[in-house]
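entry11.cif follows (mmCIF, C-alpha atoms):
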```cif
data_final
loop_
_atom_site.label_atom_id
_atom_site.label_comp_id
_atom_site.auth_asym_id
_atom_site.auth_seq_id
_atom_site.Cartn_x
_atom_site.Cartn_y
_atom_site.Cartn_z
CA MET I 11 66.28 161.99 121.38
CA VAL I 12 69.10 161.35 118.91
CA LEU I 13 71.20 164.18 117.47
CA VAL I 14 72.09 163.39 113.84
CA THR I 15 74.82 165.73 112.61
CA GLY I 16 74.53 166.17 108.86
CA GLY I 17 70.95 164.97 109.17
CA LEU I 18 69.90 166.61 105.89
CA GLY I 19 72.71 164.98 103.95
CA PHE I 20 72.63 161.84 101.82
CA ILE I 21 73.24 159.15 104.44
CA GLY I 22 72.06 161.42 107.26
CA SER I 23 68.54 161.91 105.92
CA HIS I 24 68.03 158.19 105.39
CA THR I 25 69.49 157.44 108.82
CA ALA I 26 67.13 159.92 110.45
CA ARG I 27 64.19 158.24 108.77
CA ALA I 28 65.44 154.80 109.84
CA LEU I 29 65.79 155.99 113.44
CA THR I 30 62.26 157.39 113.51
CA GLU I 31 60.96 154.11 112.09
CA LEU I 32 62.54 152.44 115.13
CA GLY I 33 60.61 154.81 117.41
CA GLU I 34 63.34 157.40 118.04
CA THR I 35 62.91 161.16 117.78
CA CYS I 36 65.73 163.12 116.17
CA VAL I 37 67.37 166.52 116.03
CA LEU I 38 68.94 167.02 112.60
CA THR I 39 71.69 169.59 112.13
CA ARG I 40 72.24 171.53 108.97
CA HIS I 41 74.91 174.08 108.20
CA ARG I 42 74.30 175.82 104.87
CA ASN I 43 71.70 173.64 103.16
CA PRO I 44 68.14 174.83 103.97
CA GLU I 45 66.38 172.27 101.76
CA ILE I 46 64.57 169.36 103.37
CA PRO I 47 65.39 166.20 101.36
CA ALA I 48 62.45 164.43 99.75
CA VAL I 49 63.33 161.28 101.69
CA LEU I 50 62.37 163.10 104.91
CA ALA I 51 58.89 164.04 103.70
CA GLY I 52 56.48 163.40 106.55
CA THR I 53 59.31 162.97 109.07
CA VAL I 54 60.41 166.54 109.80
CA GLY I 55 57.85 168.09 112.12
CA THR I 56 56.72 164.73 113.47
CA GLY I 57 59.63 162.47 114.40
CA ALA I 58 62.39 164.99 113.68
CA VAL I 59 63.25 168.68 114.03
CA VAL I 60 65.92 170.60 112.14
CA GLU I 61 68.44 172.96 113.76
CA GLN I 62 70.88 175.18 111.90
CA VAL I 63 74.29 174.89 113.50
CA ASP I 64 77.91 174.66 112.42
CA ILE I 65 79.39 171.87 114.56
CA ARG I 66 82.71 173.74 114.50
CA ASP I 67 80.98 176.28 116.78
CA GLY I 68 81.23 174.56 120.15
CA GLU I 69 78.98 176.99 122.01
CA ALA I 70 76.21 176.70 119.42
CA LEU I 71 76.44 172.92 119.54
CA ILE I 72 76.27 172.78 123.34
CA ALA I 73 73.24 175.10 123.22
CA LEU I 74 71.30 172.38 121.39
CA GLY I 75 71.35 170.43 124.64
CA GLU I 76 69.56 173.30 126.37
CA ARG I 77 66.69 173.10 123.87
CA HIS I 78 66.49 169.33 123.43
CA ASP I 79 66.93 166.32 125.70
CA ILE I 80 69.67 164.67 123.62
CA THR I 81 70.51 161.16 124.74
CA GLY I 82 72.55 159.93 121.78
CA ILE I 83 74.56 161.23 118.82
CA VAL I 84 74.96 159.85 115.29
CA HIS I 85 77.84 161.90 113.92
CA LEU I 86 77.76 161.99 110.11
CA ALA I 87 78.71 165.61 109.33
CA ASP I 88 82.44 165.90 108.74
CA PRO I 89 84.01 169.30 108.06
CA ALA I 90 87.41 167.57 107.76
CA VAL I 91 86.22 165.52 104.79
CA ALA I 92 84.52 168.58 103.28
CA SER I 93 87.80 170.50 103.55
CA VAL I 94 89.77 167.70 101.90
CA MET I 95 87.21 167.34 99.10
CA ALA I 96 87.09 171.10 98.48
CA SER I 97 90.87 171.28 98.27
CA ALA I 98 90.97 168.37 95.79
CA THR I 99 88.55 170.20 93.47
CA GLY I 100 90.28 173.58 93.61
CA GLY I 101 88.28 175.01 96.50
CA GLY I 102 91.25 176.36 98.40
CA PRO I 103 93.88 174.94 100.76
CA ILE I 104 93.06 172.53 103.56
CA GLU I 105 92.57 174.30 106.90
CA PHE I 106 94.65 171.93 109.00
CA ALA I 107 94.17 173.89 112.23
CA THR I 108 90.43 173.22 112.25
CA LEU I 109 90.27 169.73 110.70
CA PHE I 110 89.08 167.99 113.85
CA GLN I 111 87.34 170.91 115.51
CA GLY I 112 83.90 169.53 114.66
CA LEU I 113 84.67 166.07 116.02
CA GLY I 114 86.18 167.53 119.18
CA ASN I 115 83.08 169.64 119.78
CA VAL I 116 80.81 166.61 119.27
CA LEU I 117 82.83 164.59 121.77
CA ASP I 118 82.78 167.45 124.30
CA ALA I 119 79.01 167.76 123.87
CA ALA I 120 78.57 164.01 124.32
CA ARG I 121 80.40 164.19 127.63
CA ALA I 122 78.48 167.27 128.78
CA TRP I 123 75.12 165.72 127.90
CA LYS I 124 76.10 162.29 129.27
CA VAL I 125 74.72 160.59 126.17
CA LYS I 126 74.20 156.84 126.07
CA ARG I 127 76.12 156.34 122.82
CA VAL I 128 77.96 158.18 120.04
CA THR I 129 77.94 156.51 116.62
CA LEU I 130 80.70 157.88 114.40
CA ALA I 131 80.89 157.42 110.62
CA SER I 132 84.18 156.17 109.19
CA THR I 133 84.67 154.60 105.73
CA ILE I 134 85.62 151.44 103.85
CA GLY I 135 88.55 153.50 102.61
CA VAL I 136 90.51 152.76 105.80
CA TYR I 137 91.16 149.26 104.38
CA ILE I 138 92.93 150.53 101.27
CA GLY I 139 96.38 148.98 101.32
CA ALA I 140 95.36 146.30 103.83
CA GLY I 141 95.54 143.54 101.19
CA ASP I 142 92.86 141.24 99.85
CA GLY I 143 89.43 140.91 101.42
CA PRO I 144 87.06 140.14 102.84
CA TRP I 145 88.03 142.95 105.21
CA ARG I 146 87.36 142.44 108.92
CA GLU I 147 87.26 145.09 111.61
CA ASP I 148 90.14 143.47 113.52
CA MET I 149 92.56 143.65 110.58
CA PRO I 150 95.59 145.92 111.04
CA LEU I 151 95.26 149.07 108.97
CA PRO I 152 98.13 150.70 107.09
CA VAL I 153 99.24 154.05 108.45
CA ASP I 154 99.72 155.61 105.02
CA SER I 155 96.82 156.43 102.70
CA PHE I 156 96.73 157.64 99.11
CA HIS I 157 93.86 160.07 99.86
CA GLY I 158 93.07 162.50 102.63
CA ILE I 159 89.67 161.05 103.56
CA PRO I 160 90.96 157.69 104.84
CA VAL I 161 93.62 159.62 106.75
CA MET I 162 90.96 161.76 108.43
CA LYS I 163 88.83 158.74 109.28
CA LYS I 164 91.71 156.74 110.75
CA VAL I 165 92.63 159.65 112.98
CA ALA I 166 88.97 160.11 113.97
CA GLU I 167 88.66 156.42 114.87
CA ALA I 168 91.80 156.55 117.01
CA LEU I 169 90.67 159.74 118.72
CA SER I 170 87.21 158.33 119.42
CA GLY I 171 88.73 155.23 121.02
CA PHE I 172 90.80 157.42 123.32
CA ALA I 173 87.79 159.63 124.08
CA ALA I 174 85.68 156.62 125.01
CA GLN I 175 88.25 155.64 127.62
CA ALA I 176 88.76 159.17 128.90
CA THR I 177 85.10 160.15 129.17
CA GLU I 178 83.37 156.78 129.66
CA VAL I 179 80.95 157.74 126.89
CA PRO I 180 80.34 154.66 124.67
CA ILE I 181 81.57 155.43 121.16
CA VAL I 182 81.16 153.09 118.19
CA CYS I 183 82.61 153.59 114.72
CA VAL I 184 80.86 152.37 111.57
CA ARG I 185 82.66 151.77 108.29
CA PRO I 186 80.20 152.01 105.36
CA SER I 187 81.13 150.67 101.93
CA GLY I 188 80.13 152.20 98.57
CA ILE I 189 76.74 153.72 99.44
CA TRP I 190 74.33 154.63 96.65
CA GLY I 191 70.69 155.43 96.07
CA PRO I 192 68.17 158.29 96.34
CA GLY I 193 69.83 161.57 97.29
CA GLY I 194 73.35 160.43 96.45
CA ARG I 195 75.86 161.93 94.08
CA ASN I 196 75.13 161.82 90.35
CA SER I 197 78.54 160.28 89.75
CA SER I 198 81.59 159.12 91.66
CA ARG I 199 85.26 158.81 90.85
CA ILE I 200 85.46 155.88 93.27
CA PHE I 201 82.81 153.51 91.89
CA ALA I 202 80.82 153.38 88.68
CA LEU I 203 77.28 152.64 89.87
CA PRO I 204 75.89 156.17 90.55
CA GLY I 205 77.06 157.49 87.21
CA LEU I 206 75.83 154.43 85.36
CA VAL I 207 72.33 154.77 86.83
CA HIS I 208 72.11 158.45 85.87
CA ALA I 209 73.50 157.70 82.41
CA ALA I 210 70.79 155.05 81.93
CA VAL I 211 67.97 157.36 83.02
CA HIS I 212 69.37 160.53 81.43
CA PRO I 213 71.61 159.35 78.56
CA ASP I 214 72.24 162.86 77.24
CA SER I 215 73.82 163.94 80.54
CA ALA I 216 76.70 161.43 80.56
CA PRO I 217 80.07 162.75 79.29
CA PRO I 218 81.57 160.36 76.72
CA ASP I 219 84.67 159.63 78.83
CA GLN I 220 82.91 159.45 82.20
CA PHE I 221 83.39 155.68 82.56
CA ARG I 222 86.77 155.33 80.89
CA GLN I 223 88.55 154.45 84.15
CA PHE I 224 86.09 151.69 85.11
CA ARG I 225 86.58 148.10 83.92
CA GLU I 226 83.92 145.44 83.57
CA GLY I 227 85.60 143.02 85.97
CA ASP I 228 86.45 145.52 88.70
CA ALA I 229 84.40 144.89 91.80
CA GLY I 230 83.59 146.48 95.12
CA ASP I 231 81.28 146.32 98.09
CA LEU I 232 78.05 148.18 97.28
CA CYS I 233 75.24 148.93 99.74
CA TYR I 234 71.90 150.57 99.01
CA VAL I 235 71.53 153.65 101.19
CA LYS I 236 68.34 152.44 102.89
CA ASP I 237 70.13 149.29 104.06
CA CYS I 238 73.10 151.36 105.24
CA ALA I 239 70.82 153.72 107.17
CA ARG I 240 68.96 150.86 108.83
CA ALA I 241 72.26 149.26 109.85
CA ILE I 242 73.43 152.52 111.45
CA ALA I 243 70.10 152.87 113.27
CA LEU I 244 70.26 149.27 114.52
CA ILE I 245 73.80 149.76 115.80
CA HIS I 246 72.97 153.03 117.50
CA THR I 247 69.86 151.71 119.24
CA ALA I 248 71.22 148.27 120.19
CA ARG I 249 70.94 147.62 123.92
CA GLN I 250 74.39 146.08 124.00
CA LEU I 251 77.27 145.94 121.56
CA SER I 252 80.25 143.64 121.72
CA HIS I 253 82.61 145.78 119.66
CA ALA I 254 83.62 149.39 119.04
CA THR I 255 83.80 149.10 115.24
CA TYR I 256 81.35 147.69 112.70
CA ASN I 257 81.46 147.24 108.93
CA ILE I 258 78.35 148.17 106.93
CA GLY I 259 78.06 146.94 103.37
CA GLY I 260 76.55 144.60 100.86
CA GLY I 261 78.38 141.54 102.15
CA ARG I 262 80.03 140.65 98.84
CA ALA I 263 81.83 142.18 95.88
CA PHE I 264 79.72 143.38 92.93
CA THR I 265 81.37 143.77 89.53
CA ASN I 266 80.73 146.67 87.18
CA GLY I 267 79.48 144.07 84.70
CA GLU I 268 76.78 143.02 87.19
CA VAL I 269 75.73 146.65 87.60
CA VAL I 270 75.37 147.10 83.82
CA ALA I 271 73.37 143.86 83.56
CA SER I 272 70.98 144.95 86.33
CA LEU I 273 70.56 148.35 84.70
CA SER I 274 69.80 146.73 81.36
CA SER I 275 66.89 144.89 83.00
CA ALA I 276 65.63 148.08 84.65
CA VAL I 277 65.99 150.47 81.70
CA LYS I 278 64.87 149.17 78.32
CA GLY I 279 67.44 149.74 75.64
CA PHE I 280 70.28 150.64 77.99
CA ALA I 281 73.69 149.33 77.00
CA MET I 282 77.13 150.35 78.18
CA GLN I 283 80.43 148.92 76.95
CA LEU I 284 83.05 149.10 79.68
CA SER I 285 86.69 148.20 79.23
CA PRO I 286 87.12 144.42 79.57
CA GLY I 287 89.05 142.70 82.33
CA LYS I 288 90.18 144.01 85.70
CA THR I 289 92.47 146.81 86.73
CA PRO I 290 95.96 145.42 87.46
CA GLY I 291 96.56 145.15 91.20
CA HIS I 292 92.86 145.25 92.02
CA PRO I 293 92.35 143.45 95.38
CA GLN I 294 90.81 139.99 95.49
CA GLU I 295 87.47 139.69 97.33
CA PRO I 296 87.20 143.48 97.90
CA TYR I 297 84.27 143.53 100.31
CA LEU I 298 83.47 143.95 103.99
CA ASP I 299 82.93 141.07 106.38
CA LEU I 300 79.57 141.70 108.11
CA THR I 301 79.79 139.01 110.82
CA ARG I 302 79.86 141.50 113.70
CA LEU I 303 76.95 143.51 112.33
CA ARG I 304 74.78 140.44 111.82
CA GLU I 305 75.60 138.84 115.17
CA ASP I 306 75.05 141.96 117.27
CA THR I 307 72.05 143.52 115.48
CA GLY I 308 70.48 140.76 113.38
CA PHE I 309 70.93 142.92 110.28
CA GLU I 310 70.18 141.44 106.86
CA ALA I 311 70.01 143.51 103.68
CA SER I 312 66.52 144.23 102.37
CA TYR I 313 67.72 145.21 98.89
CA SER I 314 69.57 143.21 96.29
CA LEU I 315 71.58 145.01 93.61
CA GLN I 316 68.70 144.53 91.17
CA THR I 317 65.85 145.62 93.48
CA GLY I 318 67.83 148.65 94.59
CA ILE I 319 68.58 149.69 91.01
CA HIS I 320 64.92 149.28 90.01
CA GLU I 321 63.83 151.50 92.92
CA TYR I 322 66.53 154.09 92.26
CA VAL I 323 65.62 154.27 88.55
CA ALA I 324 61.96 154.81 89.50
CA TRP I 325 63.01 157.54 91.95
CA LEU I 326 64.93 159.43 89.26
CA ARG I 327 62.19 158.99 86.68
CA ALA I 328 59.75 160.53 89.17
CA GLY I 329 61.65 163.80 88.75
CA ASN I 330 64.10 163.67 91.63
CA PRO I 331 67.42 165.11 90.50
CA ARG I 332 69.58 162.76 92.63
#
```
Please express what this file holds, its structure, as structure tokens.
Amino acid sequence: MVLVTGGLGFIGSHTARALTELGETCVLTRHRNPEIPAVLAGTVGTGAVVEQVDIRDGEALIALGERHDITGIVHLADPAVASVMASATGGGPIEFATLFQGLGNVLDAARAWKVKRVTLASTIGVYIGAGDGPWREDMPLPVDSFHGIPVMKKVAEALSGFAAQATEVPIVCVRPSGIWGPGGRNSSRIFALPGLVHAAVHPDSAPPDQFRQFREGDAGDLCYVKDCARAIALIHTARQLSHATYNIGGGRAFTNGEVVASLSSAVKGFAMQLSPGKTPGHPQEPYLDLTRLREDTGFEASYSLQTGIHEYVAWLRAGNPR
């Protein structure tokens, strides 16, 4: 049985479904959110159960192991990131004393339960400042970061590497790229695609200046959430892995112009004029190298940019808010 922390979240819910499709049963943690995501319809109660627990509460987390035979952990909930995001949007100061309390509790639980593997979510953001791509897992990463989230993830990766040596619990870090699709945010300050899709489906909901910072030629690594979830599930369930870190992404850079063109084919009458050209200093080939992922799991994406956008548009038109 696999414990998926943050199992009712965006990537977590899709990952739980992907794990059950591979024959695993799952325990999904939730903290405040009581709503079962639509993507888990038919999964909760059959291949998955939901437990309310704050992973910063070590005793409550350990107690899960008394109720369930947990043999692996996919750790996607991140109170450190939540604290950084809340602070950035005026939600109060960062609580530095507790930033890594959740991760520490997960690692302690993994040791106590003697799990076969911990899969820990990092981010493509750790490569910011590393130069032009494609970005490989063995590239040296800059110590400094412009944002708190890459800082948190770099520290978490380093701590997990030390924990793997100290506890002999196998720990693997995954670095997802720009993940989008059903259940995701309506817009992002990092990449244009989520906001563009919602603007195409609900044109009255898009603020006039929402896309002012995005240029037509700017590009990034985009990965449909179902492909990301399947990659995480394949990594977590692999019998043997050759590395401790794996990139997860679309395997190439997609421009904002390509996104608009795909949306125009999916939504009749949609048109969006982005600023021409590229942002000065934008990296060349800004995407993740997926060689490790493909060699060790056989992963290949099931969704192209166009097929993913068509499915996401249909999902939103069916009445799903995200």
Given the PyMOL selection byres ((chain I and resi 178) around 12), the residues it picks as a ChimeraX atom specification: /I:117-118,120-122,124-128,170-177,179-181
State, in Å with one decimal place, the distance from CA of Leu315 in chain I to CA of Ile258 in chain I.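 Answer for the CA of Leu315 in chain I to CA of Ile258 in chain I separation: 15.3 Å.
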Counting all atoms listed in the file, note down every residue that has an atom within 6 Å of the point (80.5, 150.2, 97.2) (file coordinates), as a VMD selection string. chain I and resid 187 to 189 230 to 233
Using the chain letters and numbers from the file, which residues does the PyMOL selection byres ((chain I and resi 219-227) around 9) grab, as a list in words? Ser197, Arg199, Phe201, Ala202, Gly205, Leu206, Ala216, Pro217, Pro218, Asp228, Ala229, Thr265, Asn266, Gly267, Glu268, Val270, Gln283, Leu284, Ser285, Pro286, Gly287, Lys288 and Thr289 of chain I
Tell me which protein, DNA and RNA residues are within 8 Å of Met149 in chain I, counting all atoms listed in the file, leaving out same-chain ones fewer than 3 positions away, and put them as a ChimeraX atom specification. /I:140,145-146
Running the PyMOL selection byres ((chain I and resi 250-252) around 9) on this model by hand, what would come out? Give it as an MDAnalysis selection string. chainID I and resid 182 245 247:249 253:254 302 306:307
Two-atom distance - CA of His320 in chain I, CA of Leu203 in chain I (Å): 12.8 Å
Go through I:Gly139, I:Gly193, I:Gly102, I:Pro89 one by one, measure the shortest atom-to-atom distance of each to Ile46 in chain I using all atoms listed in the file, and give the residue with the smallest value. I:Gly193
Can you pull out every residue within 9 Å of Arg40 in chain I, counting all atoms listed in the file, but drop anything in the same chain fewer than 4 positions away, and send it as a PyMOL selection string? chain I and resi 15-19+44+60-64+87
Would you mind telling me which residue in I:Gly52, I:Gly291, I:Gly329, I:Gly158 lies nearest to Gly141 in chain I when using all atoms listed in the file? I:Gly291
For CA of Lys164 in chain I and CA of Leu130 in chain I, the interatomic separation in Å (one decimal): 11.7 Å
With the input short on atoms, add N, CA and C atoms back to range 207-218 of chain I and write it as a PDB file, keeping the file's coordinate frame.
```pdb
ATOM      1  N   VAL I 207      73.773 154.634  86.667  1.00  0.00           N
ATOM      2  CA  VAL I 207      72.330 154.770  86.830  1.00  0.00           C
ATOM      3  C   VAL I 207      71.839 156.069  86.190  1.00  0.00           C
ATOM      4  N   HIS I 208      72.531 157.165  86.451  1.00  0.00           N
ATOM      5  CA  HIS I 208      72.110 158.450  85.870  1.00  0.00           C
ATOM      6  C   HIS I 208      72.284 158.451  84.359  1.00  0.00           C
ATOM      7  N   ALA I 209      73.316 157.780  83.862  1.00  0.00           N
ATOM      8  CA  ALA I 209      73.500 157.700  82.410  1.00  0.00           C
ATOM      9  C   ALA I 209      72.380 156.888  81.757  1.00  0.00           C
ATOM     10  N   ALA I 210      71.883 155.866  82.468  1.00  0.00           N
ATOM     11  CA  ALA I 210      70.790 155.050  81.930  1.00  0.00           C
ATOM     12  C   ALA I 210      69.486 155.833  81.885  1.00  0.00           C
ATOM     13  N   VAL I 211      69.226 156.612  82.948  1.00  0.00           N
ATOM     14  CA  VAL I 211      67.970 157.360  83.020  1.00  0.00           C
ATOM     15  C   VAL I 211      68.030 158.636  82.187  1.00  0.00           C
ATOM     16  N   HIS I 212      69.196 159.284  82.182  1.00  0.00           N
ATOM     17  CA  HIS I 212      69.370 160.530  81.430  1.00  0.00           C
ATOM     18  C   HIS I 212      70.580 160.384  80.496  1.00  0.00           C
ATOM     19  N   PRO I 213      70.449 159.660  79.406  1.00  0.00           N
ATOM     20  CA  PRO I 213      71.610 159.350  78.560  1.00  0.00           C
ATOM     21  C   PRO I 213      72.309 160.565  77.982  1.00  0.00           C
ATOM     22  N   ASP I 214      71.602 161.674  77.817  1.00  0.00           N
ATOM     23  CA  ASP I 214      72.240 162.860  77.240  1.00  0.00           C
ATOM     24  C   ASP I 214      73.138 163.589  78.221  1.00  0.00           C
ATOM     25  N   SER I 215      73.060 163.218  79.520  1.00  0.00           N
ATOM     26  CA  SER I 215      73.820 163.940  80.540  1.00  0.00           C
ATOM     27  C   SER I 215      75.178 163.305  80.829  1.00  0.00           C
ATOM     28  N   ALA I 216      75.464 162.147  80.247  1.00  0.00           N
ATOM     29  CA  ALA I 216      76.700 161.430  80.560  1.00  0.00           C
ATOM     30  C   ALA I 216      77.821 161.848  79.626  1.00  0.00           C
ATOM     31  N   PRO I 217      78.918 162.430  80.138  1.00  0.00           N
ATOM     32  CA  PRO I 217      80.070 162.750  79.290  1.00  0.00           C
ATOM     33  C   PRO I 217      80.625 161.477  78.651  1.00  0.00           C
ATOM     34  N   PRO I 218      81.102 161.562  77.426  1.00  0.00           N
ATOM     35  CA  PRO I 218      81.570 160.360  76.720  1.00  0.00           C
ATOM     36  C   PRO I 218      82.660 159.589  77.459  1.00  0.00           C
TER      37      PRO I 218
END
```
